[in-house]
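coords.cif (mmCIF, C-alpha atoms)
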data_model
#
loop_
_atom_site.label_atom_id
_atom_site.label_comp_id
_atom_site.auth_asym_id
_atom_site.auth_seq_id
_atom_site.Cartn_x
_atom_site.Cartn_y
_atom_site.Cartn_z
CA MET Y 1 26.60 21.96 -1.18
CA LYS Y 2 25.66 25.43 0.08
CA ILE Y 3 22.93 25.29 2.73
CA ALA Y 4 21.40 28.27 4.51
CA VAL Y 5 19.16 28.12 7.56
CA LEU Y 6 16.73 30.80 8.69
CA GLY Y 7 15.09 30.43 12.08
CA SER Y 8 14.23 31.93 15.43
CA GLY Y 9 13.32 30.97 18.97
CA LYS Y 10 13.56 27.42 20.23
CA ARG Y 11 13.62 26.06 16.68
CA ILE Y 12 16.92 27.65 15.72
CA ASP Y 13 18.40 26.89 19.15
CA SER Y 14 17.52 23.24 18.75
CA TRP Y 15 18.86 23.16 15.20
CA LYS Y 16 22.19 24.67 16.18
CA LYS Y 17 22.52 22.21 19.04
CA ARG Y 18 22.02 19.29 16.65
CA PHE Y 19 24.18 20.57 13.80
CA GLU Y 20 26.87 22.56 15.60
CA ASP Y 21 29.66 20.73 13.76
CA VAL Y 22 28.18 21.05 10.27
CA SER Y 23 29.24 23.81 7.88
CA ILE Y 24 26.01 25.76 7.35
CA SER Y 25 25.28 29.43 6.71
CA TYR Y 26 22.86 31.09 9.13
CA VAL Y 27 20.94 33.99 7.65
CA GLN Y 28 18.80 36.70 9.25
CA ASP Y 29 16.24 37.21 6.50
CA ASN Y 30 14.64 35.38 3.60
CA GLN Y 31 15.95 37.57 0.78
CA THR Y 32 19.26 35.84 -0.02
CA HIS Y 33 17.97 32.38 -0.89
CA ASP Y 34 19.13 32.50 -4.50
CA GLU Y 35 22.74 32.25 -3.28
CA TYR Y 36 22.24 28.70 -1.95
CA ASP Y 37 21.55 25.21 -3.21
CA VAL Y 38 19.27 24.51 -0.25
CA PHE Y 39 17.39 27.06 1.85
CA ILE Y 40 15.82 25.85 5.11
CA ASP Y 41 13.22 28.08 6.77
CA LEU Y 42 12.53 26.55 10.17
CA ASN Y 43 9.71 28.97 11.02
CA TRP Y 44 7.95 29.26 7.67
CA ASP Y 45 4.61 28.10 9.07
CA GLU Y 46 4.61 31.14 11.36
CA PHE Y 47 5.57 33.53 8.52
CA PRO Y 48 3.82 32.05 5.46
CA ASP Y 49 4.09 35.22 3.37
CA ARG Y 50 7.78 34.41 2.87
CA ILE Y 51 6.71 31.94 0.22
CA LYS Y 52 6.05 34.86 -2.13
CA SER Y 53 9.78 35.53 -2.23
CA TYR Y 54 10.70 31.86 -2.46
CA HIS Y 55 8.34 31.35 -5.38
CA GLN Y 56 10.43 33.63 -7.57
CA ASN Y 57 13.40 31.25 -7.29
CA SER Y 58 13.29 28.00 -9.25
CA GLY Y 59 16.98 27.16 -8.76
CA THR Y 60 17.00 26.53 -5.00
CA LEU Y 61 15.52 23.63 -3.07
CA PHE Y 62 13.37 24.94 -0.20
CA ILE Y 63 12.77 22.99 2.99
CA LEU Y 64 10.05 24.69 4.99
CA GLY Y 65 8.94 24.19 8.59
CA ALA Y 66 5.37 23.04 8.01
CA ASN Y 67 3.92 22.06 11.38
CA PHE Y 68 1.09 24.62 11.53
CA ARG Y 69 0.18 24.71 7.83
CA THR Y 70 0.92 22.79 4.66
CA ILE Y 71 2.91 24.15 1.75
CA GLU Y 72 -0.10 23.65 -0.52
CA SER Y 73 -2.26 25.84 1.73
CA GLY Y 74 0.48 28.48 1.80
CA LEU Y 75 0.63 28.62 -1.98
CA HIS Y 76 -3.16 28.80 -2.19
CA GLU Y 77 -3.35 31.55 0.45
CA PHE Y 78 -1.20 33.86 -1.66
CA GLY Y 79 -2.62 32.85 -5.03
CA LEU Y 80 0.56 31.13 -6.21
CA GLN Y 81 0.66 28.32 -8.73
CA MET Y 82 3.06 25.40 -8.60
CA ASP Y 83 5.71 25.94 -11.27
CA GLN Y 84 9.31 24.68 -11.21
CA GLN Y 85 10.06 25.40 -7.56
CA GLN Y 86 11.06 22.56 -5.28
CA TYR Y 87 9.37 22.60 -1.89
CA PHE Y 88 9.59 20.06 0.90
CA GLY Y 89 7.85 20.28 4.26
CA LEU Y 90 9.76 19.41 7.43
CA ASN Y 91 8.82 18.82 11.06
CA THR Y 92 10.93 21.51 12.73
CA PHE Y 93 9.59 21.23 16.27
CA PRO Y 94 12.28 22.05 18.85
CA HIS Y 95 13.89 18.93 20.33
CA LEU Y 96 12.36 16.73 17.60
CA ILE Y 97 14.63 18.27 14.95
CA GLU Y 98 17.57 16.95 16.97
CA ARG Y 99 16.64 13.34 16.31
CA SER Y 100 18.54 11.22 13.82
CA VAL Y 101 15.27 10.43 12.02
CA TRP Y 102 13.26 13.24 10.42
CA GLU Y 103 9.60 13.58 9.45
CA ALA Y 104 9.00 15.30 6.13
CA THR Y 105 6.55 15.68 3.28
CA ASN Y 106 7.10 15.69 -0.45
CA PRO Y 107 3.75 17.14 -1.59
CA PHE Y 108 4.75 17.59 -5.23
CA GLU Y 109 6.50 14.21 -5.57
CA TYR Y 110 9.95 15.43 -6.54
CA ALA Y 111 12.77 12.98 -7.14
CA LEU Y 112 14.66 12.44 -3.90
CA GLU Y 113 18.25 12.16 -5.11
CA LYS Y 114 19.13 15.61 -3.79
CA TRP Y 115 17.39 14.84 -0.50
CA SER Y 116 19.72 11.88 0.03
CA ASP Y 117 22.65 14.23 -0.45
CA ILE Y 118 21.20 16.54 2.21
CA GLU Y 119 20.79 13.64 4.65
CA SER Y 120 24.42 12.64 4.13
CA PHE Y 121 25.67 16.22 4.44
CA LEU Y 122 23.81 16.82 7.71
CA GLY Y 123 24.25 13.36 9.15
CA VAL Y 124 20.54 12.55 9.29
CA GLU Y 125 20.02 8.81 9.49
CA LYS Y 126 16.77 8.60 7.52
CA THR Y 127 13.55 10.43 6.73
CA HIS Y 128 10.01 9.21 7.29
CA TRP Y 129 7.91 10.53 4.41
CA LEU Y 130 4.41 11.40 5.57
CA GLU Y 131 1.23 12.62 3.95
CA SER Y 132 1.14 16.39 3.61
CA ARG Y 133 -1.14 17.51 6.45
CA VAL Y 134 -1.00 19.78 9.46
CA GLY Y 135 1.01 18.52 12.41
CA PHE Y 136 3.04 15.58 11.11
CA TYR Y 137 2.91 12.51 13.37
CA THR Y 138 5.06 13.01 16.46
CA PRO Y 139 4.08 16.65 17.20
CA ARG Y 140 0.41 15.76 16.77
CA VAL Y 141 0.59 12.87 19.23
CA LEU Y 142 2.73 14.70 21.78
CA SER Y 143 0.52 17.80 21.67
CA MET Y 144 -2.57 15.69 22.31
CA ILE Y 145 -0.89 13.92 25.25
CA ILE Y 146 0.20 17.25 26.73
CA ASN Y 147 -3.31 18.67 26.30
CA GLU Y 148 -4.82 15.69 28.13
CA ALA Y 149 -2.24 16.10 30.90
CA TYR Y 150 -3.39 19.69 31.37
CA TYR Y 151 -6.99 18.48 31.66
CA THR Y 152 -5.85 16.04 34.37
CA LEU Y 153 -4.04 18.85 36.18
CA GLN Y 154 -7.01 21.19 35.82
CA GLU Y 155 -9.36 18.62 37.32
CA GLY Y 156 -7.08 18.27 40.35
CA THR Y 157 -6.46 14.57 39.76
CA ALA Y 158 -2.69 14.88 40.15
CA GLU Y 159 0.15 17.41 40.13
CA LYS Y 160 2.59 17.90 37.25
CA GLU Y 161 5.41 15.82 38.74
CA ALA Y 162 3.09 12.91 39.49
CA ILE Y 163 1.62 13.03 35.98
CA ASP Y 164 5.11 13.01 34.46
CA THR Y 165 6.13 10.05 36.61
CA ALA Y 166 2.98 8.09 35.79
CA MET Y 167 3.47 8.69 32.08
CA LYS Y 168 7.07 7.52 32.10
CA LEU Y 169 6.35 4.43 34.19
CA GLY Y 170 3.14 3.54 32.37
CA THR Y 171 4.26 4.04 28.78
CA ASN Y 172 8.06 3.98 29.01
CA TYR Y 173 8.21 7.41 27.41
CA PRO Y 174 11.57 9.15 27.96
CA ASN Y 175 9.79 12.24 29.29
CA GLY Y 176 6.49 13.08 30.91
CA PRO Y 177 4.00 15.52 29.33
CA PHE Y 178 5.17 18.56 31.28
CA GLU Y 179 8.82 17.67 30.73
CA PHE Y 180 8.03 17.60 27.01
CA VAL Y 181 6.53 21.09 27.35
CA GLU Y 182 9.92 22.33 28.56
CA LEU Y 183 11.65 20.70 25.58
CA LEU Y 184 9.16 21.63 22.88
CA GLY Y 185 7.99 25.01 24.14
CA LEU Y 186 4.49 25.79 25.40
CA ASP Y 187 3.92 28.19 22.50
CA MET Y 188 4.69 25.43 19.98
CA VAL Y 189 2.26 23.04 21.66
CA TYR Y 190 -0.47 25.68 21.81
CA LYS Y 191 -0.03 26.69 18.16
CA GLN Y 192 0.05 23.05 17.06
CA LEU Y 193 -3.23 22.26 18.83
CA LEU Y 194 -4.79 25.45 17.48
CA SER Y 195 -3.80 24.64 13.91
CA LEU Y 196 -4.97 21.03 14.24
CA GLY Y 197 -8.34 22.16 15.58
CA GLU Y 198 -8.79 24.67 12.75
CA ASP Y 199 -7.72 22.14 10.13
CA THR Y 200 -9.78 19.17 11.29
CA GLY Y 201 -12.58 20.62 13.41
CA GLU Y 202 -12.16 17.63 15.72
CA GLU Y 203 -13.05 17.91 19.40
CA ARG Y 204 -9.97 15.99 20.49
CA TYR Y 205 -7.82 19.02 19.63
CA ARG Y 206 -9.85 21.44 21.79
CA ILE Y 207 -7.26 23.28 23.89
CA CYS Y 208 -7.54 22.84 27.64
CA SER Y 209 -8.36 26.20 29.26
CA LEU Y 210 -5.51 25.80 31.77
CA LEU Y 211 -3.01 25.28 28.94
CA LYS Y 212 -4.39 28.33 27.16
CA GLN Y 213 -4.15 30.43 30.33
CA GLU Y 214 -0.51 29.43 30.85
CA TYR Y 215 0.23 30.25 27.21
CA LEU Y 216 -1.40 33.68 27.43
CA ARG Y 217 0.37 34.47 30.70
CA SER Y 218 3.70 33.53 29.18
CA GLY Y 219 3.39 36.32 26.62
CA LEU Y 220 4.89 34.09 23.91
#
Will you turn the file into structure tokens for me?
Amino acid sequence: MKIAVLGSGKRIDSWKKRFEDVSISYVQDNQTHDEYDVFIDLNWDEFPDRIKSYHQNSGTLFILGANFRTIESGLHEFGLQMDQQQYFGLNTFPHLIERSVWEATNPFEYALEKWSDIESFLGVEKTHWLESRVGFYTPRVLSMIINEAYYTLQEGTAEKEAIDTAMKLGTNYPNGPFEFVELLGLDMVYKQLLSLGEDTGEERYRICSLLKQEYLRSGL
């Protein structure tokens, strides 16, 4: 099985850490996908126009990072119809991609025989199949927790270290909210909350001004 991975930033770093012993091709652009059985674009949701190139290839299975948008919305945005292409959405958040259990979507209900082969090839234990929507499950929950932690910090209730400690002791989480920020990347958290707010219009995804300020200052 020939698998190619395209990615940048914390996503590709996290992927390489998890799959350093697996024989995979790493590519620098999205123009050579027809040479592979499986093409994984970790950052597709940040560069959705790439789907125009992918849509010309019906012989490759595409696994697209779909945290900030769904594959259906990407196709609609560029006026593309669903033909014979095989698209799957994958939670490609840094750190979370290193887990033995993945979160993915199968929006067009393809047979999963080839997916099982991919799991075996990569050494992924299992996949949780979720409804195709912005955010998946774990990134959505963690981003909300981190956002609330920033509100707590902004209000002067406690400092970052104390909030992390309280979270770990109170919920038995392996990391506190601000420790998760270091693992996931502040830019990923910000973009996830932004996309969730735009998609749902729900107040609970309103980004804390302190989090936004830190994001803007970071220049990410």
**Request:** Tell me, as a VMD selection string, which residues lie within 12 Å of region 157-174 of chain Y, counting only C-alpha atoms; anything in the same chain fewer than 5 positions away does not count.
**Result:** chain Y and resid 142 145 to 146 148 to 152 179 to 181 183
**Request:** Return as a ChimeraX atom specification the set of residues that the PyMOL selection byres ((chain Y and resi 116-127) around 9) yields on the displayed structure.
**Result:** /Y:1,3,19,22-23,38,99-104,112-115,128-129
**Request:** Rounded to one decimal place, report the CA of Thr60 (chain Y)-CA of Phe93 (chain Y) distance in Å.
**Result:** 23.1 Å
**Complete:** Counting only C-alpha atoms, closest pick from Y:Gly219, Y:Phe78, Y:Ala4, Y:Asp21 relative to Leu64 (chain Y) is Y:Ala4
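Taking all atoms listed in the file, the non-local environment of Leu61 (chain Y) within 8 Å (same-chain residues fewer than 3 positions away omitted) comprises Asp37, Val38, Phe39, Ser58, Gln85, Gln86, Tyr87 and Phe88 of chain Y.
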C-alpha atoms of the current selection, written as a PDB file, keeping the file's coordinate frame:
ATOM      1  CA  ASP Y  37      21.550  25.210  -3.210  1.00  0.00           C
ATOM      2  CA  VAL Y  38      19.270  24.510  -0.250  1.00  0.00           C
ATOM      3  CA  PHE Y  39      17.390  27.060   1.850  1.00  0.00           C
ATOM      4  CA  SER Y  58      13.290  28.000  -9.250  1.00  0.00           C
ATOM      5  CA  GLN Y  85      10.060  25.400  -7.560  1.00  0.00           C
ATOM      6  CA  GLN Y  86      11.060  22.560  -5.280  1.00  0.00           C
ATOM      7  CA  TYR Y  87       9.370  22.600  -1.890  1.00  0.00           C
ATOM      8  CA  PHE Y  88       9.590  20.060   0.900  1.00  0.00           C
TER       9      PHE Y  88
END
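CA of Pro94 (chain Y) is found 14.5 Å from CA of Asn175 (chain Y).
Here the question is which of Y:Tyr205, Y:Tyr215, Y:Phe68, Y:Tyr26 gets nearest to Trp44 (chain Y) using only C-alpha atoms, and that residue is Y:Phe68.
Proximity to Met144 (chain Y) was assessed for Y:Pro177, Y:Gly156, Y:Gly79, Y:Pro48 counting all atoms listed in the file; the smallest distance is recorded for Y:Pro177.
Atom to atom, CA of Glu182 (chain Y) and CA of Asp13 (chain Y) stand 13.5 Å apart.
Counting all atoms listed in the file and comparing Y:Ile97, Y:Leu216, Y:Leu184, Y:Ala66, the residue that lies closest to Ser143 (chain Y) is Y:Leu184.
Nearest residue to Ile207 (chain Y), choosing from Y:Leu6, Y:Val134, Y:Ile40, Y:Leu193 and counting all atoms listed in the file: Y:Leu193.
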Could you give me region 105-127 of chain Y completed to N, CA and C atoms, formatted as a CSV table (one decimal), in the frame of the given file?
chain,number,residue,atom,x,y,z
Y,105,THR,N,7.5,15.9,4.3
Y,105,THR,CA,6.6,15.7,3.3
Y,105,THR,C,7.1,16.1,1.9
Y,106,ASN,N,6.7,15.4,0.9
Y,106,ASN,CA,7.1,15.7,-0.4
Y,106,ASN,C,5.8,15.9,-1.3
Y,107,PRO,N,5.1,17.0,-1.0
Y,107,PRO,CA,3.8,17.1,-1.6
Y,107,PRO,C,3.7,17.2,-3.1
Y,108,PHE,N,4.8,17.5,-3.8
Y,108,PHE,CA,4.8,17.6,-5.2
Y,108,PHE,C,5.5,16.5,-5.9
Y,109,GLU,N,5.9,15.5,-5.1
Y,109,GLU,CA,6.5,14.2,-5.6
Y,109,GLU,C,7.7,14.4,-6.4
Y,110,TYR,N,8.7,15.2,-5.9
Y,110,TYR,CA,10.0,15.4,-6.5
Y,110,TYR,C,10.8,14.2,-6.4
Y,111,ALA,N,11.8,14.0,-7.3
Y,111,ALA,CA,12.8,13.0,-7.1
Y,111,ALA,C,13.6,13.3,-5.9
Y,112,LEU,N,14.0,12.3,-5.2
Y,112,LEU,CA,14.7,12.4,-3.9
Y,112,LEU,C,16.2,12.3,-3.9
Y,113,GLU,N,16.8,12.3,-5.1
Y,113,GLU,CA,18.2,12.2,-5.1
Y,113,GLU,C,18.9,13.3,-4.3
Y,114,LYS,N,18.5,14.5,-4.5
Y,114,LYS,CA,19.1,15.6,-3.8
Y,114,LYS,C,18.9,15.5,-2.3
Y,115,TRP,N,17.7,15.0,-1.9
Y,115,TRP,CA,17.4,14.8,-0.5
Y,115,TRP,C,18.4,13.9,0.2
Y,116,SER,N,18.7,12.8,-0.5
Y,116,SER,CA,19.7,11.9,0.0
Y,116,SER,C,21.1,12.6,0.3
Y,117,ASP,N,21.4,13.5,-0.6
Y,117,ASP,CA,22.6,14.2,-0.4
Y,117,ASP,C,22.6,15.1,0.8
Y,118,ILE,N,21.4,15.7,1.0
Y,118,ILE,CA,21.2,16.5,2.2
Y,118,ILE,C,21.3,15.7,3.5
Y,119,GLU,N,20.7,14.5,3.5
Y,119,GLU,CA,20.8,13.6,4.6
Y,119,GLU,C,22.3,13.3,5.0
Y,120,SER,N,23.0,13.0,3.9
Y,120,SER,CA,24.4,12.6,4.1
Y,120,SER,C,25.2,13.8,4.6
Y,121,PHE,N,24.9,15.0,4.1
Y,121,PHE,CA,25.7,16.2,4.4
Y,121,PHE,C,25.4,16.6,5.9
Y,122,LEU,N,24.2,16.4,6.4
Y,122,LEU,CA,23.8,16.8,7.7
Y,122,LEU,C,24.0,15.7,8.7
Y,123,GLY,N,24.1,14.5,8.2
Y,123,GLY,CA,24.2,13.4,9.2
Y,123,GLY,C,22.9,12.9,9.7
Y,124,VAL,N,21.9,13.1,8.9
Y,124,VAL,CA,20.5,12.6,9.3
Y,124,VAL,C,20.5,11.1,8.9
Y,125,GLU,N,20.0,10.2,9.8
Y,125,GLU,CA,20.0,8.8,9.5
Y,125,GLU,C,19.0,8.4,8.4
Y,126,LYS,N,17.8,8.9,8.5
Y,126,LYS,CA,16.8,8.6,7.5
Y,126,LYS,C,15.6,9.6,7.7
Y,127,THR,N,14.7,9.6,6.7
Y,127,THR,CA,13.6,10.4,6.7
Y,127,THR,C,12.3,9.6,6.6
